[in-house]
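This is run.txt (compact mmCIF, C-alpha atoms and all ligand atoms).
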```
# COMPACT_ATOMS: atom_id res chain seq x y z
CA MET A 1 0.00 0.00 0.00
CA LYS A 2 1.36 3.39 -1.00
CA THR A 3 1.44 6.37 1.32
CA TYR A 4 1.07 9.76 -0.33
CA LEU A 5 2.27 12.85 1.47
CA VAL A 6 0.32 15.63 -0.21
CA THR A 7 1.18 19.19 0.79
CA GLY A 8 -1.31 22.02 0.25
CA GLY A 9 -4.12 19.47 0.11
CA ALA A 10 -6.68 21.93 1.48
CA GLY A 11 -6.08 24.36 -1.40
CA PHE A 12 -7.67 24.44 -4.84
CA ILE A 13 -5.70 21.87 -6.85
CA GLY A 14 -4.49 19.87 -3.84
CA SER A 15 -8.02 19.21 -2.61
CA ASN A 16 -9.20 18.24 -6.09
CA TYR A 17 -6.22 15.89 -6.30
CA ILE A 18 -7.03 14.19 -2.98
CA LEU A 19 -10.74 13.88 -3.80
CA ASN A 20 -9.76 12.28 -7.08
CA LEU A 21 -7.26 9.91 -5.41
CA LEU A 22 -9.88 8.69 -2.93
CA SER A 23 -12.82 8.64 -5.33
CA ASN A 24 -12.84 4.83 -5.51
CA PRO A 25 -13.51 3.38 -2.04
CA GLN A 26 -11.95 0.07 -3.17
CA ASP A 27 -8.51 1.63 -3.71
CA THR A 28 -6.08 0.88 -0.94
CA LEU A 29 -3.79 3.81 -0.26
CA ARG A 30 -3.06 6.29 2.49
CA VAL A 31 -3.06 10.06 2.03
CA VAL A 32 -1.38 12.33 4.55
CA ASN A 33 -2.45 15.88 3.87
CA ILE A 34 -0.14 18.60 5.22
CA ASP A 35 -1.54 22.09 5.06
CA ALA A 36 -0.86 25.25 7.06
CA LEU A 37 -4.39 26.51 6.34
CA THR A 38 -3.44 29.94 5.11
CA TYR A 39 -6.25 32.12 3.73
CA ALA A 40 -6.20 29.79 0.69
CA GLY A 41 -6.57 26.50 2.53
CA ASN A 42 -10.05 25.36 3.48
CA LEU A 43 -10.96 22.09 5.13
CA GLU A 44 -14.48 22.49 3.77
CA ASN A 45 -13.04 21.42 0.40
CA LEU A 46 -12.55 17.96 1.89
CA GLN A 47 -15.93 17.62 3.57
CA SER A 48 -17.02 14.82 1.23
CA ILE A 49 -14.19 12.55 2.49
CA GLU A 50 -14.75 13.24 6.16
CA GLY A 51 -14.58 9.89 7.94
CA ASP A 52 -12.57 8.23 5.16
CA GLY A 53 -9.90 6.43 7.19
CA ARG A 54 -7.47 6.58 4.25
CA HIS A 55 -7.08 10.36 4.71
CA SER A 56 -5.22 12.02 7.59
CA PHE A 57 -5.00 15.78 7.90
CA VAL A 58 -2.04 17.38 9.66
CA GLN A 59 -2.13 21.11 10.17
CA ALA A 60 1.53 22.06 9.71
CA ASP A 61 3.80 24.41 7.84
CA ILE A 62 6.21 23.02 5.26
CA ARG A 63 8.81 25.54 6.45
CA ASP A 64 8.80 24.00 9.92
CA GLN A 65 11.70 21.51 9.98
CA ASP A 66 10.70 19.92 13.31
CA ALA A 67 7.10 19.41 12.20
CA MET A 68 8.18 18.00 8.83
CA GLN A 69 10.68 15.68 10.45
CA GLN A 70 7.96 14.32 12.68
CA VAL A 71 5.51 13.87 9.79
CA PHE A 72 8.05 12.13 7.53
CA ASP A 73 9.25 9.89 10.37
CA SER A 74 5.82 8.82 11.50
CA TYR A 75 4.12 8.35 8.12
CA GLN A 76 7.12 7.16 6.02
CA PRO A 77 5.57 8.32 2.73
CA ASP A 78 6.35 6.66 -0.61
CA TYR A 79 5.29 9.71 -2.60
CA VAL A 80 5.60 13.41 -1.87
CA VAL A 81 3.40 15.63 -4.04
CA ASN A 82 4.17 19.25 -3.27
CA PHE A 83 1.26 21.58 -3.99
CA ALA A 84 1.79 23.83 -0.95
CA ALA A 85 2.62 27.32 -2.10
CA GLU A 86 1.66 30.93 -2.08
CA SER A 87 -0.01 30.92 -5.48
CA HIS A 88 -1.39 34.36 -6.31
CA VAL A 89 0.71 36.64 -8.54
CA ASP A 90 -0.91 39.89 -7.31
CA ARG A 91 -0.13 39.04 -3.69
CA SER A 92 3.49 38.30 -4.63
CA ILE A 93 3.82 41.79 -6.05
CA THR A 94 2.79 43.38 -2.75
CA ASN A 95 4.51 40.88 -0.42
CA PRO A 96 7.25 38.77 -2.02
CA GLN A 97 8.78 37.63 1.29
CA VAL A 98 6.33 34.85 2.15
CA PHE A 99 6.56 33.55 -1.43
CA VAL A 100 10.29 32.90 -1.03
CA GLU A 101 9.80 31.46 2.44
CA THR A 102 7.07 28.98 1.54
CA ASN A 103 7.75 28.26 -2.13
CA VAL A 104 11.56 28.03 -1.93
CA LEU A 105 12.51 27.27 1.69
CA GLY A 106 9.45 25.11 2.32
CA THR A 107 10.30 23.02 -0.75
CA LEU A 108 13.89 22.65 0.49
CA THR A 109 12.64 21.36 3.85
CA LEU A 110 10.55 18.72 2.07
CA LEU A 111 13.44 17.70 -0.19
CA ASN A 112 15.79 17.31 2.78
CA ASN A 113 13.30 15.13 4.62
CA ALA A 114 12.48 12.98 1.60
CA LYS A 115 16.19 12.42 0.99
CA ARG A 116 16.76 11.62 4.65
CA ILE A 117 14.06 8.97 5.02
CA TRP A 118 14.38 7.42 1.53
CA GLN A 119 18.16 7.01 1.48
CA THR A 120 19.25 3.42 2.00
CA ALA A 121 21.83 2.97 4.72
CA ASP A 122 24.53 1.38 2.61
CA ASP A 123 24.69 3.86 -0.28
CA GLU A 124 24.15 7.62 -0.15
CA ASP A 125 22.92 7.77 -3.74
CA SER A 126 20.46 4.93 -3.52
CA TYR A 127 16.91 5.17 -2.34
CA ARG A 128 14.06 2.92 -1.31
CA THR A 129 12.39 1.54 -4.43
CA GLY A 130 9.13 3.01 -5.63
CA VAL A 131 9.53 6.44 -4.06
CA ARG A 132 9.07 9.75 -5.86
CA PHE A 133 9.12 13.49 -5.11
CA LEU A 134 6.83 15.42 -7.43
CA GLN A 135 7.07 19.20 -7.52
CA VAL A 136 3.89 20.84 -8.82
CA SER A 137 5.17 23.80 -10.79
CA THR A 138 3.80 26.24 -13.30
CA ASP A 139 4.21 27.45 -16.86
CA GLU A 140 4.86 30.93 -15.43
CA VAL A 141 8.50 29.94 -14.82
CA TYR A 142 9.06 30.23 -18.58
CA GLY A 143 8.05 33.89 -18.67
CA SER A 144 5.96 35.34 -21.47
CA LEU A 145 5.45 34.33 -25.11
CA GLY A 146 5.01 36.51 -28.18
CA PRO A 147 2.06 35.81 -30.49
CA GLU A 148 3.67 32.61 -31.86
CA GLY A 149 5.12 29.42 -30.36
CA PHE A 150 4.69 27.43 -27.16
CA PHE A 151 6.60 26.63 -23.98
CA THR A 152 8.41 23.28 -24.19
CA GLU A 153 10.33 21.63 -21.35
CA THR A 154 13.56 23.07 -22.79
CA THR A 155 12.35 26.67 -22.96
CA PRO A 156 14.76 28.69 -20.76
CA LEU A 157 13.39 29.78 -17.40
CA ASP A 158 12.58 33.50 -17.45
CA PRO A 159 10.24 34.28 -14.55
CA HIS A 160 8.96 37.85 -14.18
CA SER A 161 6.88 38.05 -10.99
CA PRO A 162 8.10 37.31 -7.46
CA TYR A 163 5.65 34.37 -7.54
CA SER A 164 7.11 32.84 -10.70
CA ALA A 165 10.67 33.60 -9.55
CA SER A 166 10.00 31.68 -6.33
CA LYS A 167 8.51 28.74 -8.25
CA ALA A 168 11.46 28.71 -10.68
CA SER A 169 13.86 28.76 -7.71
CA ALA A 170 12.06 25.79 -6.18
CA ASP A 171 12.24 23.96 -9.52
CA LEU A 172 15.99 24.49 -9.62
CA LEU A 173 16.37 23.10 -6.10
CA VAL A 174 14.32 20.03 -7.02
CA LYS A 175 16.47 19.57 -10.13
CA ALA A 176 19.62 19.98 -8.01
CA PHE A 177 18.46 17.21 -5.63
CA GLY A 178 17.93 15.00 -8.67
CA ASP A 179 21.28 15.85 -10.25
CA THR A 180 23.41 15.93 -7.09
CA TYR A 181 21.92 13.25 -4.88
CA ARG A 182 20.05 11.21 -7.53
CA LEU A 183 16.83 11.73 -5.56
CA PRO A 184 13.98 10.42 -7.78
CA VAL A 185 12.19 13.67 -8.62
CA ASN A 186 9.82 15.03 -11.24
CA ILE A 187 8.67 18.54 -11.99
CA THR A 188 5.34 19.22 -13.69
CA ARG A 189 4.62 22.63 -15.20
CA CYS A 190 0.96 23.23 -15.82
CA SER A 191 -0.95 26.07 -17.41
CA ASN A 192 -3.83 27.97 -15.73
CA ASN A 193 -6.30 25.71 -13.91
CA TYR A 194 -9.98 26.33 -13.36
CA GLY A 195 -12.74 24.35 -11.64
CA PRO A 196 -14.38 23.81 -8.23
CA PHE A 197 -12.77 25.09 -5.01
CA GLN A 198 -10.61 27.78 -6.61
CA PHE A 199 -10.21 30.67 -4.19
CA PRO A 200 -12.30 33.59 -5.47
CA GLU A 201 -9.30 35.89 -5.92
CA LYS A 202 -8.36 34.23 -9.24
CA LEU A 203 -9.77 35.44 -12.56
CA ILE A 204 -12.53 32.88 -13.25
CA PRO A 205 -14.15 32.56 -9.79
CA LEU A 206 -13.71 36.28 -9.14
CA MET A 207 -15.58 37.16 -12.33
CA ILE A 208 -18.33 34.60 -11.66
CA ASN A 209 -18.95 35.96 -8.17
CA ASN A 210 -18.74 39.63 -9.06
CA ALA A 211 -20.99 39.27 -12.10
CA GLN A 212 -23.58 37.36 -10.15
CA GLN A 213 -23.73 40.18 -7.62
CA HIS A 214 -23.72 42.89 -10.31
CA ARG A 215 -20.34 44.12 -9.11
CA ALA A 216 -17.67 45.62 -11.39
CA LEU A 217 -15.54 43.15 -13.33
CA PRO A 218 -11.94 44.42 -13.06
CA VAL A 219 -10.00 43.63 -16.23
CA TYR A 220 -6.29 44.46 -16.02
CA GLY A 221 -5.10 46.70 -18.86
CA ASP A 222 -6.53 45.93 -22.30
CA GLY A 223 -7.54 42.39 -21.26
CA LEU A 224 -5.88 40.91 -24.34
CA GLN A 225 -3.40 38.88 -22.30
CA VAL A 226 -3.64 35.19 -23.16
CA ARG A 227 -3.83 32.30 -20.70
CA ASP A 228 -3.99 28.58 -21.57
CA TRP A 229 -6.81 27.08 -19.47
CA LEU A 230 -7.05 23.49 -18.21
CA PHE A 231 -9.79 21.86 -16.14
CA VAL A 232 -8.34 21.00 -12.73
CA GLU A 233 -9.28 17.31 -12.93
CA ASP A 234 -7.17 16.93 -16.08
CA HIS A 235 -4.21 18.43 -14.24
CA CYS A 236 -4.70 16.00 -11.33
CA LYS A 237 -4.79 13.00 -13.66
CA ALA A 238 -1.58 14.16 -15.35
CA ILE A 239 0.17 14.46 -11.97
CA GLU A 240 -0.89 10.94 -11.07
CA LEU A 241 0.50 9.58 -14.33
CA VAL A 242 3.83 11.34 -13.85
CA LEU A 243 4.06 10.11 -10.27
CA LYS A 244 3.49 6.50 -11.30
CA ARG A 245 5.17 6.36 -14.70
CA GLY A 246 7.30 9.46 -15.20
CA GLU A 247 11.01 9.04 -15.84
CA PRO A 248 12.97 10.17 -12.75
CA GLY A 249 14.58 13.57 -13.23
CA GLU A 250 12.22 14.60 -16.04
CA VAL A 251 10.12 17.73 -16.39
CA TYR A 252 6.64 17.42 -17.93
CA ASN A 253 4.60 20.34 -19.25
CA ILE A 254 0.84 20.00 -18.82
CA GLY A 255 -1.69 21.89 -20.91
CA GLY A 256 -4.51 21.36 -23.36
CA HIS A 257 -3.95 23.96 -26.12
CA ASN A 258 -6.81 26.06 -24.88
CA GLU A 259 -5.71 29.66 -25.20
CA ARG A 260 -8.11 32.52 -24.56
CA THR A 261 -7.74 36.23 -23.95
CA ASN A 262 -8.96 37.43 -20.59
CA MET A 263 -11.64 39.43 -22.39
CA GLN A 264 -12.91 36.23 -24.05
CA ILE A 265 -13.09 34.51 -20.68
CA VAL A 266 -14.95 37.37 -19.05
CA ALA A 267 -17.38 37.68 -21.98
CA GLN A 268 -18.10 33.96 -21.86
CA ILE A 269 -18.78 34.03 -18.11
CA ILE A 270 -21.11 37.00 -18.54
CA ALA A 271 -23.04 35.34 -21.37
CA GLN A 272 -23.34 32.03 -19.56
CA LEU A 273 -24.43 33.56 -16.27
CA ALA A 274 -26.91 35.97 -17.84
CA GLU A 275 -28.52 33.03 -19.61
CA SER A 276 -28.61 30.59 -16.71
CA LEU A 277 -29.87 33.18 -14.23
CA ASP A 278 -32.04 34.93 -16.81
CA ASP A 279 -30.64 38.21 -15.50
CA PRO A 280 -30.24 41.07 -17.99
CA GLN A 281 -28.26 43.10 -15.44
CA ILE A 282 -25.37 40.70 -15.97
CA SER A 283 -23.86 42.27 -19.06
CA GLU A 284 -20.61 43.56 -20.50
CA ALA A 285 -21.47 46.96 -19.00
CA LEU A 286 -20.06 45.56 -15.74
CA ILE A 287 -16.56 45.31 -17.26
CA GLN A 288 -14.13 47.92 -15.95
CA HIS A 289 -10.64 48.20 -17.37
CA VAL A 290 -8.36 48.93 -14.42
CA ALA A 291 -4.61 49.54 -14.07
CA ASP A 292 -2.53 46.73 -15.50
CA ARG A 293 -0.70 44.23 -13.27
CA LYS A 294 2.97 45.21 -12.90
CA GLY A 295 5.23 43.09 -15.13
CA HIS A 296 2.12 41.39 -16.56
CA ASP A 297 3.02 38.40 -18.74
CA ARG A 298 1.33 38.76 -22.11
CA ARG A 299 0.84 35.20 -23.24
CA TYR A 300 1.22 31.63 -21.93
CA GLY A 301 0.87 28.57 -24.16
CA ILE A 302 1.97 25.04 -23.29
CA ASP A 303 3.27 22.44 -25.69
CA PRO A 304 2.07 19.19 -24.05
CA ALA A 305 3.63 16.89 -26.70
CA LYS A 306 6.08 15.24 -24.28
CA ILE A 307 3.55 14.05 -21.69
CA GLY A 308 1.23 12.97 -24.52
CA ALA A 309 3.90 10.87 -26.26
CA ALA A 310 5.64 9.52 -23.15
CA LEU A 311 2.69 8.83 -20.86
CA GLY A 312 -0.34 8.95 -23.13
CA TRP A 313 -1.93 11.87 -21.24
CA GLN A 314 -4.62 13.88 -23.01
CA PRO A 315 -7.00 16.43 -21.51
CA GLU A 316 -10.51 15.01 -21.22
CA THR A 317 -12.69 18.03 -20.46
CA PRO A 318 -13.22 20.54 -23.28
CA PHE A 319 -13.25 24.15 -22.07
CA GLU A 320 -16.87 24.72 -23.15
CA GLU A 321 -17.93 21.86 -20.88
CA GLY A 322 -15.57 22.65 -17.99
CA ILE A 323 -16.57 26.30 -17.78
CA VAL A 324 -20.27 25.43 -17.66
CA GLN A 325 -19.58 22.90 -14.87
CA THR A 326 -17.47 25.44 -13.01
CA ILE A 327 -20.06 28.22 -13.23
CA ARG A 328 -22.75 25.80 -12.06
CA TRP A 329 -20.54 24.71 -9.16
CA TYR A 330 -20.04 28.30 -7.97
CA LEU A 331 -23.75 29.03 -8.29
CA GLU A 332 -24.54 25.97 -6.20
CA HIS A 333 -21.81 26.72 -3.64
CA GLN A 334 -22.43 30.33 -2.71
CA GLY A 335 -22.17 29.25 0.92
CA TRP A 336 -18.65 27.98 0.28
CA VAL A 337 -17.63 31.28 -1.28
CA GLU A 338 -19.05 33.25 1.63
CA HIS A 339 -17.47 30.86 4.11
CA VAL A 340 -13.94 30.92 2.70
CA THR A 341 -13.94 34.68 2.35
CA SER A 342 -15.65 35.45 5.64
CA GLY A 343 -14.05 37.16 8.59
CA ALA A 344 -15.54 34.52 10.88
CA TYR A 345 -13.69 31.69 9.18
CA ARG A 346 -10.47 33.70 9.18
CA SER A 347 -10.77 34.42 12.90
CA TYR A 348 -11.55 30.77 13.59
CA LEU A 349 -8.33 29.79 11.82
CA GLU A 350 -6.37 32.44 13.69
CA GLN A 351 -7.78 31.21 16.97
CA MET A 352 -7.04 27.58 16.16
CA TYR A 353 -3.73 27.90 14.45
CA GLY A 354 -2.42 31.43 15.02
CA SER A 355 -2.34 34.42 12.71
CA ARG A 356 -1.17 33.88 9.10
P1 LIG A 401 -3.90 27.52 -3.52
O1 LIG A 401 -3.38 28.86 -3.14
O2 LIG A 401 -5.33 27.34 -3.81
O3 LIG A 401 -3.50 26.45 -2.40
C1 LIG A 401 -2.27 26.45 -1.76
C2 LIG A 401 -2.38 25.59 -0.50
O4 LIG A 401 -1.09 25.57 0.14
C3 LIG A 401 -3.36 26.17 0.54
O5 LIG A 401 -4.18 25.13 1.04
C4 LIG A 401 -2.47 26.74 1.63
O6 LIG A 401 -3.06 26.70 2.92
C5 LIG A 401 -1.26 25.81 1.53
N1 LIG A 401 -0.02 26.45 2.04
C6 LIG A 401 0.45 27.67 1.74
N2 LIG A 401 1.59 27.90 2.41
C7 LIG A 401 1.85 26.77 3.13
C8 LIG A 401 2.91 26.39 4.00
N3 LIG A 401 3.92 27.21 4.27
N4 LIG A 401 2.86 25.16 4.55
C9 LIG A 401 1.82 24.31 4.29
N5 LIG A 401 0.80 24.64 3.48
C10 LIG A 401 0.82 25.85 2.89
O7 LIG A 401 -3.01 27.10 -4.77
P2 LIG A 401 -3.39 26.20 -6.05
O8 LIG A 401 -3.92 27.08 -7.10
O9 LIG A 401 -4.14 25.02 -5.61
O10 LIG A 401 -1.93 25.76 -6.51
C11 LIG A 401 -1.33 24.58 -5.98
C12 LIG A 401 0.05 24.42 -6.61
O11 LIG A 401 -0.09 24.31 -8.02
C13 LIG A 401 0.97 25.60 -6.35
O12 LIG A 401 2.25 25.09 -6.12
C14 LIG A 401 0.94 26.39 -7.64
O13 LIG A 401 2.16 27.05 -7.86
C15 LIG A 401 0.73 25.28 -8.67
N6 LIG A 401 0.03 25.66 -9.90
C16 LIG A 401 -1.17 26.32 -9.84
C17 LIG A 401 -1.85 26.59 -11.02
C18 LIG A 401 -3.17 27.30 -11.01
O14 LIG A 401 -3.68 27.66 -12.07
N7 LIG A 401 -3.82 27.49 -9.88
C19 LIG A 401 -1.30 26.21 -12.25
C20 LIG A 401 -0.06 25.56 -12.26
C21 LIG A 401 0.58 25.27 -11.08
O1 LIG A 402 -0.25 29.78 -15.42
C1 LIG A 402 -0.36 29.12 -14.19
C2 LIG A 402 -0.62 30.13 -13.09
O2 LIG A 402 -1.97 30.57 -13.26
C3 LIG A 402 -0.41 29.57 -11.70
O3 LIG A 402 0.95 29.25 -11.54
C4 LIG A 402 -0.84 30.58 -10.62
O4 LIG A 402 -0.74 30.00 -9.34
C5 LIG A 402 -2.28 30.97 -10.89
O5 LIG A 402 -2.69 31.95 -9.96
C6 LIG A 402 -2.44 31.50 -12.31
O6 LIG A 402 -1.74 32.76 -12.46
P1 LIG A 402 -2.38 33.96 -13.31
O7 LIG A 402 -1.75 35.21 -12.87
O8 LIG A 402 -2.35 33.64 -14.76
O9 LIG A 402 -3.92 33.84 -12.81
P2 LIG A 402 -4.98 34.94 -12.36
O10 LIG A 402 -6.28 34.23 -12.21
O11 LIG A 402 -4.49 35.76 -11.23
O12 LIG A 402 -5.07 35.88 -13.63
C7 LIG A 402 -5.38 35.36 -14.91
C8 LIG A 402 -5.32 36.52 -15.89
O13 LIG A 402 -6.40 37.42 -15.60
C9 LIG A 402 -4.05 37.36 -15.79
O14 LIG A 402 -3.71 37.81 -17.09
C10 LIG A 402 -4.45 38.55 -14.92
C11 LIG A 402 -5.91 38.74 -15.28
N1 LIG A 402 -6.77 39.27 -14.21
C12 LIG A 402 -6.78 38.64 -13.01
C13 LIG A 402 -7.58 39.07 -11.97
C14 LIG A 402 -7.57 38.39 -10.63
C15 LIG A 402 -7.62 40.35 -14.45
O15 LIG A 402 -7.63 40.92 -15.56
N2 LIG A 402 -8.42 40.80 -13.44
C16 LIG A 402 -8.42 40.21 -12.19
O16 LIG A 402 -9.17 40.68 -11.29
```

Take the structure in this file and express it as structure tokens.
Amino acid sequence: MKTYLVTGGAGFIGSNYILNLLSNPQDTLRVVNIDALTYAGNLENLQSIEGDGRHSFVQADIRDQDAMQQVFDSYQPDYVVNFAAESHVDRSITNPQVFVETNVLGTLTLLNNAKRIWQTADDEDSYRTGVRFLQVSTDEVYGSLGPEGFFTETTPLDPHSPYSASKASADLLVKAFGDTYRLPVNITRCSNNYGPFQFPEKLIPLMINNAQQHRALPVYGDGLQVRDWLFVEDHCKAIELVLKRGEPGEVYNIGGHNERTNMQIVAQIIAQLAESLDDPQISEALIQHVADRKGHDRRYGIDPAKIGAALGWQPETPFEEGIVQTIRWYLEHQGWVEHVTSGAYRSYLEQMYGSR
């Protein structure tokens, strides 16, 4: 039986990943979910697996060496899947410090512990069989594209925001542990995700919620920046494939060739919502062009040929289907949105776990 140590499992992608892992009650595995429960981590995301004995939640910070040592020693994971991160570009522009601390130093703490418990006694460069450290990274480490071409795994790293710089730094540390100590590692670099449980600070859920409440829809600059959108479940399935069948030391880009301008996304959300709620007040009149994000990357576009050819991964959910599902999910989970953004929940977390 495999033990997964999943960090950031109360966040958007991490919780989708765990729900997916445990979706079949017949599967025998153990998931240890480490999350510090920052503003972005919400145990409500995991309500549907409450009582599932295969899942253990540990409220801990990946930067905390003592806590990580204890977790690694007691659970002896076979897999480490590192989702835990500060993930929002705008926040990194106003406060880069915590991005370096969590995304870089936190990753180093996990690498050190994985190396420590997986190393076999007789040879420093050999590890228990069947173990793997998977770093969940992002296409933002490659920087920004012009109108043509795509990011491949050999595109030079050229991060622009403090967020992407911290993720690129973490990637280099993971690579260094692979190159120097032969630790079995993989790095996945995915494009923009969307779907259930995404914190409503990110473009798609923010626009859904604002539009529904007839609030302004803030579009940065001209709104013609391009992002390459992937349904979160497709990302989770790709991670699982890499974990099980990826070549140690390899990087895999993940994306579904689904590029849209931000204006296209916003227009689609407006149209869809206006129709499903039969509400003529939801219209493009709500769009407000606001000051552009500093250092705003113009275009992202992933070339997913490697993961397709090597592991047979293909995205399964077309955008037109995924966006309808996502809008429906947010409409049906207004309570979740209110809960995760409410002062009461924040103070509860502060009371339980201290201020973050
Ligand atoms: P998120 O912000 O929704 O979740 C992050 C989770 O990490 C939260 O539960 C938070 O509480 C936890 N966390 C933060 N700091 C921590 C710490 N010091 N110790 C323990 N837990 C901590 O982020 P997300 O969108 O789910 O992204 C998950 C990962 O995927 C990140 O590494 C991100 O860089 C990467 N990624 C995200 C996208 C995307 O579109 N969202 C795309 C590609 C890659
Ligand atoms: O590409 C993968 C990355 O996608 C992940 O690594 C990040 O963790 C994730 O947050 C996301 O980063 P982006 O910056 O692309 O996502 P965000 O939702 O913040 O913004 C998407 C685009 O929409 C971007 O061009 C900025 C724009 N935007 C965003 C917000 C929140 C707006 O125009 N208005 C807004 O209010």

(message) If I take CA of Ala168 in chain A and CA of Ser92 in chain A, how far is one from the other in Å, to one decimal?
(response)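 We find that CA of Ala168 in chain A and CA of Ser92 in chain A lie 13.9 Å from each other.
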
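Between ligand LIG 402 (chain A) and the residues A:Asp228, A:Glu316, A:Asp171, A:Asp179, the shortest atom-to-atom distance, using only C-alpha atoms and all ligand atoms, involves A:Asp228.
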
Any idea what's packed within 10 Å of Pro77 in chain A, counting only C-alpha atoms, ignoring anything in its chain fewer than 5 positions away? Could you give it as an mmCIF file with C-alpha atoms, in the coordinates of the input?
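part-v7.cif, written as the output of this step:
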```
data_model
loop_
_atom_site.group_PDB
_atom_site.id
_atom_site.type_symbol
_atom_site.label_atom_id
_atom_site.label_comp_id
_atom_site.auth_asym_id
_atom_site.auth_seq_id
_atom_site.Cartn_x
_atom_site.Cartn_y
_atom_site.Cartn_z
ATOM 1 C CA LYS A 2 1.360 3.390 -1.000
ATOM 2 C CA THR A 3 1.440 6.370 1.320
ATOM 3 C CA TYR A 4 1.070 9.760 -0.330
ATOM 4 C CA LEU A 5 2.270 12.850 1.470
ATOM 5 C CA VAL A 6 0.320 15.630 -0.210
ATOM 6 C CA ARG A 30 -3.060 6.290 2.490
ATOM 7 C CA VAL A 31 -3.060 10.060 2.030
ATOM 8 C CA VAL A 32 -1.380 12.330 4.550
ATOM 9 C CA VAL A 71 5.510 13.870 9.790
ATOM 10 C CA PHE A 72 8.050 12.130 7.530
ATOM 11 C CA ALA A 114 12.480 12.980 1.600
ATOM 12 C CA ILE A 117 14.060 8.970 5.020
ATOM 13 C CA TRP A 118 14.380 7.420 1.530
ATOM 14 C CA VAL A 131 9.530 6.440 -4.060
ATOM 15 C CA ARG A 132 9.070 9.750 -5.860
#
```

(message) Around ligand LIG 402 (chain A), which protein and nucleic acid residues have at least one atom no more than 9 Å from it, if we count only C-alpha atoms and all ligand atoms? List them as an MDAnalysis selection string.
(response) chainID A and resid 85:90 137:141 163:164 167 189:194 200:207 217:229 261:263 265:266 289:290 292:293 296:301

Listing only residues of chain A within 8 Å of ligand LIG 401 (chain A), what is the closest atom pair and its distance in Å (to one decimal) for each, using all atoms listed in the file, sorted by chain and residue number ascending, as CSV?
```
residue,atom,partner,partner_atom,distance
A:Thr7,CA,A:LIG401,N5,6.1
A:Gly8,CA,A:LIG401,O4,3.6
A:Gly9,CA,A:LIG401,O5,5.7
A:Ala10,CA,A:LIG401,O5,4.1
A:Gly11,CA,A:LIG401,O5,3.2
A:Phe12,CA,A:LIG401,O9,3.7
A:Ile13,CA,A:LIG401,O9,3.7
A:Gly14,CA,A:LIG401,O9,5.5
A:Ser15,CA,A:LIG401,O9,7.6
A:Ile34,CA,A:LIG401,C9,6.1
A:Asp35,CA,A:LIG401,N5,3.8
A:Ala36,CA,A:LIG401,C9,4.0
A:Leu37,CA,A:LIG401,O6,3.7
A:Thr38,CA,A:LIG401,O6,3.9
A:Tyr39,CA,A:LIG401,O6,6.3
A:Ala40,CA,A:LIG401,C3,4.6
A:Gly41,CA,A:LIG401,O5,3.1
A:Asn42,CA,A:LIG401,O5,6.4
A:Gln59,CA,A:LIG401,C9,7.8
A:Ala60,CA,A:LIG401,C9,5.9
A:Asp61,CA,A:LIG401,N4,3.5
A:Ile62,CA,A:LIG401,N4,4.0
A:Arg63,CA,A:LIG401,N3,5.6
A:Asn82,CA,A:LIG401,O12,6.8
A:Phe83,CA,A:LIG401,C12,4.0
A:Ala84,CA,A:LIG401,O4,3.5
A:Ala85,CA,A:LIG401,C6,4.4
A:Glu86,CA,A:LIG401,C6,5.2
A:Ser87,CA,A:LIG401,O1,4.6
A:His88,CA,A:LIG401,O1,6.7
A:Glu101,CA,A:LIG401,N3,7.5
A:Thr102,CA,A:LIG401,N3,4.5
A:Asn103,CA,A:LIG401,O12,7.5
A:Gly106,CA,A:LIG401,N3,6.2
A:Gln135,CA,A:LIG401,O12,7.7
A:Val136,CA,A:LIG401,O12,5.3
A:Ser137,CA,A:LIG401,C21,4.8
A:Thr138,CA,A:LIG401,C21,4.0
A:Asp139,CA,A:LIG401,C20,6.6
A:Glu140,CA,A:LIG401,C20,7.9
A:Lys167,CA,A:LIG401,O13,6.6
A:Arg189,CA,A:LIG401,C20,6.3
A:Cys190,CA,A:LIG401,C20,4.4
A:Ser191,CA,A:LIG401,C19,5.2
A:Asn192,CA,A:LIG401,O14,3.7
A:Asn193,CA,A:LIG401,O14,3.7
A:Tyr194,CA,A:LIG401,O14,6.6
A:Phe197,CA,A:LIG401,O2,7.9
A:Gln198,CA,A:LIG401,O2,6.0
A:Phe199,CA,A:LIG401,O2,5.9
```

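Taking CA of Glu284 in chain A as the reference point, CA of Ser144 in chain A is found at 27.8 Å.
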
(message) Quick one: residues within 9 Å of Gln69 in chain A, all atoms listed in the file, excluding same-chain residues fewer than 5 positions away - as a PyMOL selection string?
(response) chain A and resi 64+74+109-110+113

What does the file look like for those residues with C-alpha atoms, as a PDB file, keeping the file's coordinate frame?
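Now in part_28.pdb:
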```
ATOM      1  CA  ASP A  64       8.800  24.000   9.920  1.00  0.00           C
ATOM      2  CA  SER A  74       5.820   8.820  11.500  1.00  0.00           C
ATOM      3  CA  THR A 109      12.640  21.360   3.850  1.00  0.00           C
ATOM      4  CA  LEU A 110      10.550  18.720   2.070  1.00  0.00           C
ATOM      5  CA  ASN A 113      13.300  15.130   4.620  1.00  0.00           C
TER       6      ASN A 113
END
```

(request) Rounded to one decimal place, report the CA of Asp78 in chain A-CA of Phe231 in chain A distance in Å. (result)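 Between these atoms lies a distance of 27.1 Å.
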
(message) Which residues are close to Gln213 in chain A, i.e. within 12 Å by all atoms listed in the file, leaving aside same-chain residues fewer than 4 positions away? Reply as a VMD selection string.
(response) chain A and resid 206 to 209 217 270 273 to 274 277 279 281 to 283 286 331 334

(request) Please return, as JSON, numbers by chain, all polymer residues that have at least one atom within 10 Å of the point (-4.7, 20.8, -20.9); use all atoms listed in the file and the file's own coordinate frame. (result) {"A": [190, 191, 192, 193, 228, 229, 230, 231, 232, 233, 234, 235, 238, 253, 254, 255, 256, 257, 258, 259, 302, 303, 304, 313, 314, 315, 316, 317, 318, 319]}
